[in-house]
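Printed here is run13.csv (CSV, C-alpha atoms):
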chain,number,residue,atom,x,y,z
C,29,MET,CA,98.7,64.4,100.5
C,30,THR,CA,101.9,66.0,99.3
C,31,GLY,CA,103.3,68.5,101.8
C,32,ILE,CA,104.4,72.0,101.0
C,33,GLY,CA,108.1,72.0,100.2
C,34,THR,CA,110.6,74.6,101.5
C,35,ASP,CA,110.6,76.6,98.2
C,36,GLN,CA,106.8,76.8,98.1
C,37,ALA,CA,106.7,77.7,101.8
C,38,LYS,CA,109.1,80.6,101.1
C,39,ALA,CA,107.1,81.6,98.1
C,40,ARG,CA,103.9,81.6,100.2
C,41,GLY,CA,105.5,83.8,102.8
C,42,THR,CA,106.6,86.3,100.1
C,43,LEU,CA,103.1,86.4,98.6
C,44,LEU,CA,101.5,86.9,102.1
C,45,ARG,CA,103.8,89.9,102.7
C,46,ARG,CA,102.8,91.4,99.4
C,47,LEU,CA,99.1,90.8,100.0
C,48,PHE,CA,99.1,92.4,103.5
C,49,GLY,CA,101.3,95.3,102.5
C,50,SER,CA,98.3,97.7,102.6
C,51,ARG,CA,97.4,96.7,106.1
C,52,ILE,CA,101.0,97.4,107.2
C,53,THR,CA,100.8,100.8,105.6
C,54,GLU,CA,97.6,101.6,107.5
C,55,VAL,CA,99.3,100.7,110.8
C,56,VAL,CA,102.3,103.0,110.1
C,57,ALA,CA,99.9,105.7,108.7
C,58,LEU,CA,98.0,105.7,112.0
C,59,MET,CA,101.2,106.0,113.9
C,60,ALA,CA,101.9,109.2,111.9
C,61,ARG,CA,98.4,110.6,112.1
C,62,LEU,CA,98.4,110.2,115.8
C,63,ASP,CA,101.8,111.9,116.1
C,64,LEU,CA,102.6,108.8,118.2
C,65,ALA,CA,106.4,109.1,117.6
C,66,ASP,CA,106.4,112.6,119.2
C,67,ALA,CA,104.3,111.3,122.1
C,68,ILE,CA,106.8,108.5,122.8
C,69,GLY,CA,109.7,110.9,122.4
C,70,ASP,CA,113.3,110.2,123.4
C,71,GLY,CA,112.8,107.8,126.3
C,72,VAL,CA,110.5,105.0,127.4
C,73,ALA,CA,106.8,105.6,127.3
C,74,ASP,CA,104.2,103.9,129.5
C,75,VAL,CA,101.3,102.4,127.5
C,76,GLY,CA,98.8,103.6,130.2
C,77,ASP,CA,100.0,107.1,130.0
C,78,LEU,CA,99.7,107.1,126.2
C,79,ALA,CA,96.3,105.6,126.4
C,80,ARG,CA,95.0,108.4,128.7
C,81,ALA,CA,96.6,111.0,126.5
C,82,TYR,CA,94.9,109.7,123.4
C,83,ASP,CA,91.7,108.7,125.1
C,84,ILE,CA,92.0,105.1,123.7
C,85,PRO,CA,91.4,102.1,126.0
C,86,ALA,CA,94.8,100.8,127.0
C,87,PRO,CA,94.2,97.2,125.8
C,88,GLN,CA,93.3,98.5,122.4
C,89,LEU,CA,96.3,100.8,122.2
C,90,GLN,CA,98.5,98.0,123.3
C,91,ARG,CA,97.4,96.0,120.2
C,92,LEU,CA,98.5,98.9,117.9
C,93,LEU,CA,101.8,99.2,119.8
C,94,ARG,CA,102.4,95.4,119.5
C,95,ALA,CA,102.0,95.6,115.8
C,96,LEU,CA,104.4,98.6,115.6
C,97,VAL,CA,107.0,96.6,117.6
C,98,SER,CA,106.6,93.7,115.2
C,99,LEU,CA,107.2,96.0,112.3
C,100,GLY,CA,110.3,97.5,113.8
C,101,MET,CA,108.8,100.9,114.4
C,102,CYS,CA,108.9,100.6,118.2
C,103,VAL,CA,110.8,98.6,120.8
C,104,GLU,CA,109.2,96.8,123.7
C,105,ALA,CA,111.2,98.2,126.6
C,106,GLY,CA,109.4,96.1,129.3
C,107,PRO,CA,105.9,95.2,130.3
C,108,GLY,CA,103.6,98.0,129.2
C,109,LYS,CA,106.6,100.1,128.1
C,110,VAL,CA,107.7,101.1,124.6
C,111,SER,CA,110.4,103.3,123.0
C,112,LEU,CA,111.0,104.3,119.4
C,113,SER,CA,113.3,102.4,117.1
C,114,GLU,CA,115.6,104.3,114.8
C,115,THR,CA,113.0,103.8,112.0
C,116,GLY,CA,110.1,104.9,114.1
C,117,ALA,CA,112.0,108.0,115.2
C,118,LEU,CA,111.9,109.2,111.6
C,119,LEU,CA,108.2,109.9,112.1
C,120,ARG,CA,109.0,112.6,114.8
C,121,LYS,CA,108.5,116.1,113.4
C,122,ASP,CA,111.7,117.4,114.9
C,123,CYS,CA,114.0,114.5,114.0
C,124,PRO,CA,116.9,115.3,111.7
C,125,GLY,CA,115.9,113.7,108.4
C,126,SER,CA,112.3,113.5,109.5
C,127,MET,CA,110.0,111.7,107.1
C,128,TYR,CA,106.8,112.7,109.0
C,129,GLU,CA,105.3,114.9,106.2
C,130,PHE,CA,106.3,112.4,103.6
C,131,ALA,CA,104.5,109.7,105.5
C,132,ARG,CA,101.4,111.8,106.0
C,133,PHE,CA,101.1,112.8,102.3
C,134,HIS,CA,101.8,109.3,100.9
C,135,THR,CA,99.2,107.7,103.2
C,136,ALA,CA,96.5,110.3,102.6
C,137,ALA,CA,93.3,109.6,100.7
C,138,GLU,CA,94.7,111.6,97.8
C,139,THR,CA,97.5,109.2,97.2
C,140,THR,CA,95.9,105.9,98.3
C,141,ARG,CA,92.4,106.0,96.8
C,142,PRO,CA,93.6,106.3,93.1
C,143,TRP,CA,95.4,103.0,93.5
C,144,LEU,CA,92.1,101.3,93.7
C,145,SER,CA,91.6,102.3,90.1
C,146,LEU,CA,95.0,101.1,88.9
C,147,GLU,CA,93.4,99.0,86.1
C,148,HIS,CA,91.6,102.1,84.8
C,149,SER,CA,95.0,103.9,84.4
C,150,LEU,CA,96.5,100.9,82.8
C,151,ARG,CA,93.7,100.6,80.2
C,152,THR,CA,93.4,104.3,79.4
C,153,GLY,CA,96.9,105.7,80.2
C,154,LYS,CA,95.1,108.4,82.2
C,155,PRO,CA,95.6,109.2,85.9
C,156,ALA,CA,93.1,107.5,88.2
C,157,PHE,CA,93.3,110.5,90.5
C,158,ASP,CA,91.2,112.6,88.1
C,159,GLU,CA,88.5,110.0,88.2
C,160,GLU,CA,88.5,109.7,92.0
C,161,PHE,CA,88.7,113.4,92.8
C,162,GLY,CA,87.2,115.1,89.7
C,163,SER,CA,90.3,117.2,88.8
C,164,PRO,CA,94.0,116.7,88.2
C,165,LEU,CA,96.2,116.4,91.3
C,166,TYR,CA,97.8,119.9,91.0
C,167,ASP,CA,94.4,121.5,90.5
C,168,HIS,CA,93.1,119.6,93.6
C,169,LEU,CA,96.0,120.8,95.6
C,170,GLY,CA,95.4,124.4,94.5
C,171,ALA,CA,91.9,124.1,95.9
C,172,HIS,CA,93.0,122.6,99.2
C,173,PRO,CA,95.7,124.7,100.8
C,174,GLU,CA,96.2,122.4,103.7
C,175,MET,CA,96.9,119.4,101.5
C,176,SER,CA,99.0,121.6,99.2
C,177,ALA,CA,101.2,122.6,102.2
C,178,ARG,CA,101.5,118.9,103.1
C,179,PHE,CA,102.5,118.0,99.6
C,180,GLY,CA,105.2,120.7,99.6
C,181,ALA,CA,106.5,119.6,102.9
C,182,ALA,CA,106.5,115.9,101.8
C,183,MET,CA,108.5,116.8,98.7
C,184,GLY,CA,110.9,118.6,101.0
C,185,ASP,CA,111.3,115.5,103.2
C,186,GLU,CA,111.9,113.4,100.1
C,187,SER,CA,114.4,115.9,98.6
C,188,ARG,CA,116.6,116.3,101.6
C,189,ALA,CA,118.7,113.2,101.2
C,190,ALA,CA,119.0,113.8,97.4
C,191,ALA,CA,119.9,117.4,97.9
C,192,GLU,CA,122.8,116.6,100.3
C,193,ALA,CA,124.0,113.9,97.8
C,194,ILE,CA,123.8,116.2,94.8
C,195,ALA,CA,125.5,119.1,96.6
C,196,ALA,CA,128.3,116.7,97.7
C,197,GLN,CA,128.7,114.7,94.5
C,198,HIS,CA,128.4,117.3,91.7
C,199,ASP,CA,131.1,119.9,91.1
C,200,PHE,CA,129.4,123.3,91.1
C,201,SER,CA,132.7,125.3,91.3
C,202,GLY,CA,132.7,126.3,87.6
C,203,TYR,CA,129.2,127.9,87.6
C,204,ARG,CA,128.1,131.4,88.3
C,205,MET,CA,124.4,131.0,88.7
C,206,VAL,CA,122.1,127.9,89.1
C,207,THR,CA,118.4,127.9,88.5
C,208,ASP,CA,116.3,125.2,90.1
C,209,ILE,CA,113.3,124.6,87.8
C,210,GLY,CA,110.3,123.5,89.9
C,211,GLY,CA,112.4,124.2,93.0
C,212,GLY,CA,109.5,124.2,95.4
C,213,ASP,CA,110.5,125.0,99.0
C,214,GLY,CA,114.2,125.5,98.2
C,215,THR,CA,115.5,122.3,99.8
C,216,LEU,CA,117.8,121.5,96.9
C,217,ILE,CA,119.2,125.0,96.1
C,218,THR,CA,119.7,125.7,99.8
C,219,ALA,CA,122.0,122.6,100.1
C,220,ILE,CA,123.9,123.6,96.9
C,221,LEU,CA,124.4,127.3,97.9
C,222,ARG,CA,125.6,126.4,101.4
C,223,GLY,CA,128.3,124.3,99.9
C,224,ASN,CA,129.3,126.8,97.2
C,225,PRO,CA,129.6,130.3,98.7
C,226,GLY,CA,130.4,132.0,95.4
C,227,LEU,CA,127.3,130.7,93.6
C,228,GLN,CA,124.1,132.6,93.0
C,229,GLY,CA,120.7,130.9,92.7
C,230,THR,CA,117.2,131.2,91.4
C,231,ILE,CA,114.1,129.1,92.3
C,232,PHE,CA,111.6,128.9,89.5
C,233,ASP,CA,108.2,127.5,90.3
C,234,THR,CA,104.5,128.5,90.4
C,235,GLU,CA,103.6,131.1,92.9
C,236,GLU,CA,102.0,128.6,95.2
C,237,GLY,CA,104.9,126.0,94.8
C,238,ALA,CA,107.6,128.5,95.6
C,239,ALA,CA,105.8,130.2,98.5
C,240,PRO,CA,107.5,128.0,101.2
C,241,ALA,CA,111.0,128.9,99.8
C,242,VAL,CA,110.9,132.4,101.2
C,243,ALA,CA,111.1,131.3,104.8
C,244,ARG,CA,113.6,128.5,104.1
C,245,LEU,CA,116.0,130.9,102.3
C,246,ARG,CA,115.7,133.5,105.0
C,247,ALA,CA,116.3,130.9,107.8
C,248,ALA,CA,119.4,129.6,105.9
C,249,GLY,CA,120.8,133.2,105.5
C,250,LEU,CA,120.6,132.8,101.7
C,251,ALA,CA,117.9,135.4,100.8
C,252,ASP,CA,120.5,137.7,99.3
C,253,ARG,CA,122.0,135.0,97.1
C,254,CYS,CA,118.8,133.4,95.8
C,255,SER,CA,115.9,135.0,94.0
C,256,ILE,CA,112.5,133.5,93.4
C,257,VAL,CA,110.8,133.8,90.0
C,258,THR,CA,107.3,132.4,89.4
C,259,GLY,CA,105.9,131.2,86.1
C,260,ASP,CA,105.0,128.3,83.9
C,261,PHE,CA,107.8,126.0,82.7
C,262,PHE,CA,105.7,124.8,79.8
C,263,THR,CA,105.9,128.3,78.4
C,264,ALA,CA,109.3,129.6,79.3
C,265,VAL,CA,112.1,129.3,81.8
C,266,PRO,CA,114.0,132.4,83.1
C,267,THR,CA,117.4,132.9,81.4
C,268,GLY,CA,120.7,134.1,82.9
C,269,ALA,CA,121.9,130.9,84.6
C,270,ASP,CA,124.7,128.7,83.3
C,271,LEU,CA,123.3,125.7,85.1
C,272,PHE,CA,119.7,124.6,85.3
C,273,LEU,CA,118.4,121.9,87.6
C,274,VAL,CA,115.2,119.8,87.0
C,275,LYS,CA,114.8,117.4,89.9
C,276,SER,CA,111.9,114.9,90.2
C,277,THR,CA,109.9,116.9,87.7
C,278,ILE,CA,110.1,115.1,84.3
C,279,HIS,CA,108.6,111.9,85.8
C,280,ASN,CA,105.4,113.8,86.7
C,281,TRP,CA,104.5,114.2,83.0
C,282,ASP,CA,103.7,112.2,79.9
C,283,ASP,CA,106.1,112.4,77.0
C,284,GLU,CA,104.4,115.3,75.3
C,285,HIS,CA,104.6,117.5,78.4
C,286,ALA,CA,108.1,116.3,79.3
C,287,VAL,CA,109.4,117.4,75.9
C,288,ARG,CA,107.7,120.8,76.3
C,289,ILE,CA,109.6,121.3,79.6
C,290,LEU,CA,112.8,120.3,78.0
C,291,ARG,CA,112.3,122.6,75.1
C,292,SER,CA,111.8,125.5,77.5
C,293,CYS,CA,115.0,124.6,79.2
C,294,ARG,CA,116.9,124.4,75.8
C,295,THR,CA,115.8,128.0,75.0
C,296,ALA,CA,117.0,129.2,78.3
C,297,LEU,CA,120.3,127.3,78.2
C,298,GLY,CA,122.1,129.4,75.6
C,299,ASP,CA,125.1,128.0,73.7
C,300,ASN,CA,127.2,126.9,76.7
C,301,GLY,CA,124.7,126.3,79.5
C,302,LYS,CA,124.0,122.9,81.1
C,303,LEU,CA,121.0,121.2,82.4
C,304,LEU,CA,121.1,118.7,85.2
C,305,ILE,CA,118.2,116.3,85.2
C,306,VAL,CA,117.8,114.4,88.5
C,307,ASP,CA,115.2,111.6,88.4
C,308,VAL,CA,114.7,107.9,88.7
C,309,LEU,CA,116.6,106.0,86.0
C,310,LEU,CA,115.0,102.6,85.4
C,311,PRO,CA,117.5,99.9,84.7
C,312,ASP,CA,117.5,98.3,81.2
C,313,ARG,CA,116.5,95.0,82.8
C,314,VAL,CA,114.1,94.8,85.8
C,315,GLN,CA,115.9,94.4,89.1
C,316,PRO,CA,114.0,93.1,92.2
C,317,ASP,CA,113.3,95.9,94.6
C,318,PRO,CA,116.7,97.6,94.6
C,319,ALA,CA,117.6,99.2,97.9
C,320,GLY,CA,114.1,99.0,99.1
C,321,LEU,CA,113.1,101.8,96.7
C,322,ASN,CA,111.1,100.0,94.1
C,323,PRO,CA,111.1,102.2,91.0
C,324,TYR,CA,108.5,100.1,89.3
C,325,ILE,CA,106.0,100.8,92.0
C,326,LYS,CA,106.9,104.5,91.8
C,327,ASP,CA,106.4,104.3,88.0
C,328,LEU,CA,102.8,103.1,88.6
C,329,GLN,CA,102.3,105.8,91.2
C,330,MET,CA,103.2,108.4,88.7
C,331,LEU,CA,100.6,106.9,86.4
C,332,VAL,CA,97.7,106.7,88.8
C,333,LEU,CA,98.4,110.2,90.3
C,334,LEU,CA,99.6,112.2,87.4
C,335,GLY,CA,99.7,110.3,84.2
C,336,GLY,CA,103.5,110.5,84.4
C,337,GLN,CA,106.1,107.7,84.3
C,338,GLU,CA,109.6,106.7,85.3
C,339,ARG,CA,112.0,106.2,82.4
C,340,THR,CA,115.1,104.4,81.2
C,341,ARG,CA,118.3,106.0,79.9
C,342,ALA,CA,117.0,105.3,76.4
C,343,ASP,CA,113.7,107.0,77.2
C,344,PHE,CA,115.6,110.1,78.3
C,345,ASP,CA,117.8,110.1,75.3
C,346,ARG,CA,114.7,110.0,73.1
C,347,LEU,CA,113.0,112.9,75.0
C,348,CYS,CA,116.1,115.0,74.9
C,349,ALA,CA,116.6,114.5,71.2
C,350,GLN,CA,113.1,115.6,70.5
C,351,ALA,CA,113.8,118.8,72.5
C,352,GLY,CA,117.1,119.5,70.7
C,353,LEU,CA,119.2,118.3,73.6
C,354,ARG,CA,121.7,115.5,74.2
C,355,ILE,CA,122.8,113.7,77.3
C,356,ALA,CA,126.6,114.2,77.8
C,357,GLY,CA,126.9,112.1,81.0
C,358,ALA,CA,125.1,110.2,83.6
C,359,GLU,CA,125.9,109.5,87.3
C,360,ALA,CA,124.1,107.5,89.9
C,361,LEU,CA,123.4,109.1,93.3
C,362,PRO,CA,123.8,106.8,96.4
C,363,PRO,CA,121.4,103.8,96.6
C,364,HIS,CA,119.4,105.3,99.4
C,365,VAL,CA,118.5,108.2,97.2
C,366,GLY,CA,117.3,106.0,94.3
C,367,GLN,CA,118.0,108.6,91.6
C,368,SER,CA,120.5,109.5,88.9
C,369,MET,CA,121.9,112.8,87.5
C,370,LEU,CA,121.9,113.3,83.7
C,371,GLU,CA,124.1,116.1,82.4
C,372,VAL,CA,122.4,117.6,79.4
C,373,VAL,CA,123.6,120.1,76.8
C,374,ARG,CA,122.3,121.5,73.5
C,375,ALA,CA,122.5,119.0,70.6

I need this file expressed as structure tokens, please.
Amino acid sequence: MTGIGTDQAKARGTLLRRLFGSRITEVVALMARLDLADAIGDGVADVGDLARAYDIPAPQLQRLLRALVSLGMCVEAGPGKVSLSETGALLRKDCPGSMYEFARFHTAAETTRPWLSLEHSLRTGKPAFDEEFGSPLYDHLGAHPEMSARFGAAMGDESRAAAEAIAAQHDFSGYRMVTDIGGGDGTLITAILRGNPGLQGTIFDTEEGAAPAVARLRAAGLADRCSIVTGDFFTAVPTGADLFLVKSTIHNWDDEHAVRILRSCRTALGDNGKLLIVDVLLPDRVQPDPAGLNPYIKDLQMLVLLGGQERTRADFDRLCAQAGLRIAGAEALPPHVGQSMLEVVRA
């Protein structure tokens, strides 16, 4: 019998990691659902104490903690003792840069169940979410306030690193007013206004989407420099700004709806305004799992949840042209953000 060679053994290991990825996700998801990172805290936690707090038999909880140690989420600090790793600490609610809400949303049934119907989406081009839950994602969120709040908080978690990078990397000094289209809880515009004291801002979103921004702007001391306008970006975008931002929005939609958003932006731009699109920019050639943020998996996620997609530069050129716009420049954000900025003007 011929033995397994080194190359095949390596390939088998890679395949096994891919096959068991969902199991790993469930382990980390349970850590988040139990608020285990908060329970462990800054120091070393005793497994027995944790077991009593959660009313889980200590031998069973130990099995979960061993798995978390093996995944680099926790550290074995001694017999029956654990602490958080730097990665695990990101699941603390009060951690700077916390990803707690992001983890809770992306491991919820609303985001995991549609993946079981990936083939349906591939064959039809329609989001599997609608089949699984009986309505589009945004309609579902509107009917479930708790999940809607989790979605908004998750998007805030995801936007934080990007917001800091955009505020630091793009030159906002020449603008008078910036409007963040689909600005949600205000994470992005807060970062921009803090770094540019002479700039005024507007958040444009649905009434529900913009609701969390009120508290954020007030807490940041920016309520007098940033207004909130609600509406439908498929119909119209408020005028008056000389810079418009559309971050992580175009990828939510198919080409027809994406062009409608861009046409609304073009109308609002005026002759000299600019639009900054911040989104994933797929490489022209497939790259293997760049920076751990696999844009091709995100592309499929857009499909199964919303019927949207990630796009290449050529795709964005085509959409912008259909909307009477052109891309004047493109700039990559840092690798850990996994997005690019496209500077867009009227054609």

Two-atom distance - CA of Asn322 (chain C), CA of Val56 (chain C) (Å):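 It comes out at 18.5 Å.
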
So which one's closest to Pro164 (chain C), C:Ser201, C:Gly212, C:Gly259, C:Leu331? Using only C-alpha atoms, please. C:Leu331

Taking only C-alpha atoms into account, which of C:Cys348, C:Val308, C:Leu118, C:Ala156 comes nearest Ser292 (chain C)? C:Cys348

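Atom pair CA of Phe130 (chain C) / CA of Asp208 (chain C): separated by 21.1 Å.
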
Can you tell me which residues surround region 94-111 of chain C at a distance of at most 8 Å, considering all atoms listed in the file, apart from same-chain residues fewer than 4 positions away, and format the answer as a list in words?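 These residues fall inside the cut-off: Val55, Val56, Ile68, Gly69, Asp70, Gly71, Val72, Ala73, Asp74, Val75, Gly76, Gln90, Thr115, Gly116 and Ala117 of chain C.
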
Could you save the residues just selected, with C-alpha atoms, as a PDB file, keeping the file's coordinate frame?
ATOM      1  CA  VAL C  55      99.300 100.700 110.800  1.00  0.00           C
ATOM      2  CA  VAL C  56     102.300 103.000 110.100  1.00  0.00           C
ATOM      3  CA  ILE C  68     106.800 108.500 122.800  1.00  0.00           C
ATOM      4  CA  GLY C  69     109.700 110.900 122.400  1.00  0.00           C
ATOM      5  CA  ASP C  70     113.300 110.200 123.400  1.00  0.00           C
ATOM      6  CA  GLY C  71     112.800 107.800 126.300  1.00  0.00           C
ATOM      7  CA  VAL C  72     110.500 105.000 127.400  1.00  0.00           C
ATOM      8  CA  ALA C  73     106.800 105.600 127.300  1.00  0.00           C
ATOM      9  CA  ASP C  74     104.200 103.900 129.500  1.00  0.00           C
ATOM     10  CA  VAL C  75     101.300 102.400 127.500  1.00  0.00           C
ATOM     11  CA  GLY C  76      98.800 103.600 130.200  1.00  0.00           C
ATOM     12  CA  GLN C  90      98.500  98.000 123.300  1.00  0.00           C
ATOM     13  CA  THR C 115     113.000 103.800 112.000  1.00  0.00           C
ATOM     14  CA  GLY C 116     110.100 104.900 114.100  1.00  0.00           C
ATOM     15  CA  ALA C 117     112.000 108.000 115.200  1.00  0.00           C
TER      16      ALA C 117
END

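For the pair CA of Phe157 (chain C) and CA of Val332 (chain C), the separation is 6.1 Å.
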
When you look at region 272-284 of chain C with a cut-off of 9 Å (counting only C-alpha atoms), what residues show up, excluding the ones that are within fewer than 6 positions of it in the same chain? I need them as a PyMOL selection string. chain C and resi 187+205-211+216+290+293+296-297+301-308+327+330-331+333-339+347+367+369

Would you list the contacts of region 132-148 of chain C as a list in words, taking every protein, DNA or RNA residue within 7 Å and counting all atoms listed in the file, but skipping same-chain residues closer than 2 positions in sequence?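 With the cut-off at 7 Å, the set is Ala57, Ala60, Arg61, Tyr128, Glu129, Phe130, Leu150, Arg151, Thr152, Ala156, Phe157, Glu160, Arg178, Phe179, Ala182, Val332 and Leu333 of chain C.
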
Proximity to Ser368 (chain C) - best of C:Val257, C:Ala351, C:Ala269, C:Ala193, all atoms listed in the file: C:Ala193

Residue contacts of Ala239 (chain C) (9 Å, only C-alpha atoms) excluding same-chain residues fewer than 4 positions away, as a count of residues only: 6

For Cys254 (chain C), find every residue with an atom within 10 Å (counting only C-alpha atoms), except residues of its own chain fewer than 2 positions away, and show them as a list of chain:residue names.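 Result of the neighbour search: C:Met205, C:Val206, C:Thr207, C:Gly214, C:Ile217, C:Thr218, C:Leu221, C:Leu227, C:Gln228, C:Gly229, C:Thr230, C:Ile231, C:Ala241, C:Val242, C:Leu245, C:Arg246, C:Gly249, C:Leu250, C:Ala251, C:Asp252, C:Ile256, C:Val257.
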
What would region 45-56 of chain C look like with N, CA and C atoms restored, written as an mmCIF file, in the coordinates of the input?
data_model
loop_
_atom_site.group_PDB
_atom_site.id
_atom_site.type_symbol
_atom_site.label_atom_id
_atom_site.label_comp_id
_atom_site.auth_asym_id
_atom_site.auth_seq_id
_atom_site.Cartn_x
_atom_site.Cartn_y
_atom_site.Cartn_z
ATOM 1 N N ARG C 45 103.287 88.556 102.400
ATOM 2 C CA ARG C 45 103.800 89.900 102.700
ATOM 3 C C ARG C 45 103.314 90.898 101.665
ATOM 4 N N ARG C 46 103.255 90.474 100.417
ATOM 5 C CA ARG C 46 102.800 91.400 99.400
ATOM 6 C C ARG C 46 101.257 91.648 99.550
ATOM 7 N N LEU C 47 100.493 90.619 99.880
ATOM 8 C CA LEU C 47 99.100 90.800 100.000
ATOM 9 C C LEU C 47 98.675 91.664 101.194
ATOM 10 N N PHE C 48 99.453 91.603 102.256
ATOM 11 C CA PHE C 48 99.100 92.400 103.500
ATOM 12 C C PHE C 48 99.862 93.678 103.556
ATOM 13 N N GLY C 49 100.521 94.067 102.470
ATOM 14 C CA GLY C 49 101.300 95.300 102.500
ATOM 15 C C GLY C 49 100.422 96.522 102.812
ATOM 16 N N SER C 50 99.185 96.571 102.294
ATOM 17 C CA SER C 50 98.300 97.700 102.600
ATOM 18 C C SER C 50 97.919 97.803 104.016
ATOM 19 N N ARG C 51 97.781 96.651 104.660
ATOM 20 C CA ARG C 51 97.400 96.700 106.100
ATOM 21 C C ARG C 51 98.605 97.215 106.914
ATOM 22 N N ILE C 52 99.805 96.830 106.531
ATOM 23 C CA ILE C 52 101.000 97.400 107.200
ATOM 24 C C ILE C 52 101.065 98.865 107.041
ATOM 25 N N THR C 53 100.798 99.334 105.828
ATOM 26 C CA THR C 53 100.800 100.800 105.600
ATOM 27 C C THR C 53 99.827 101.495 106.473
ATOM 28 N N GLU C 54 98.638 100.929 106.664
ATOM 29 C CA GLU C 54 97.600 101.600 107.500
ATOM 30 C C GLU C 54 98.079 101.677 108.959
ATOM 31 N N VAL C 55 98.788 100.672 109.430
ATOM 32 C CA VAL C 55 99.300 100.700 110.800
ATOM 33 C C VAL C 55 100.312 101.830 110.975
ATOM 34 N N VAL C 56 101.244 101.917 110.032
ATOM 35 C CA VAL C 56 102.300 103.000 110.100
ATOM 36 C C VAL C 56 101.614 104.341 109.872
#
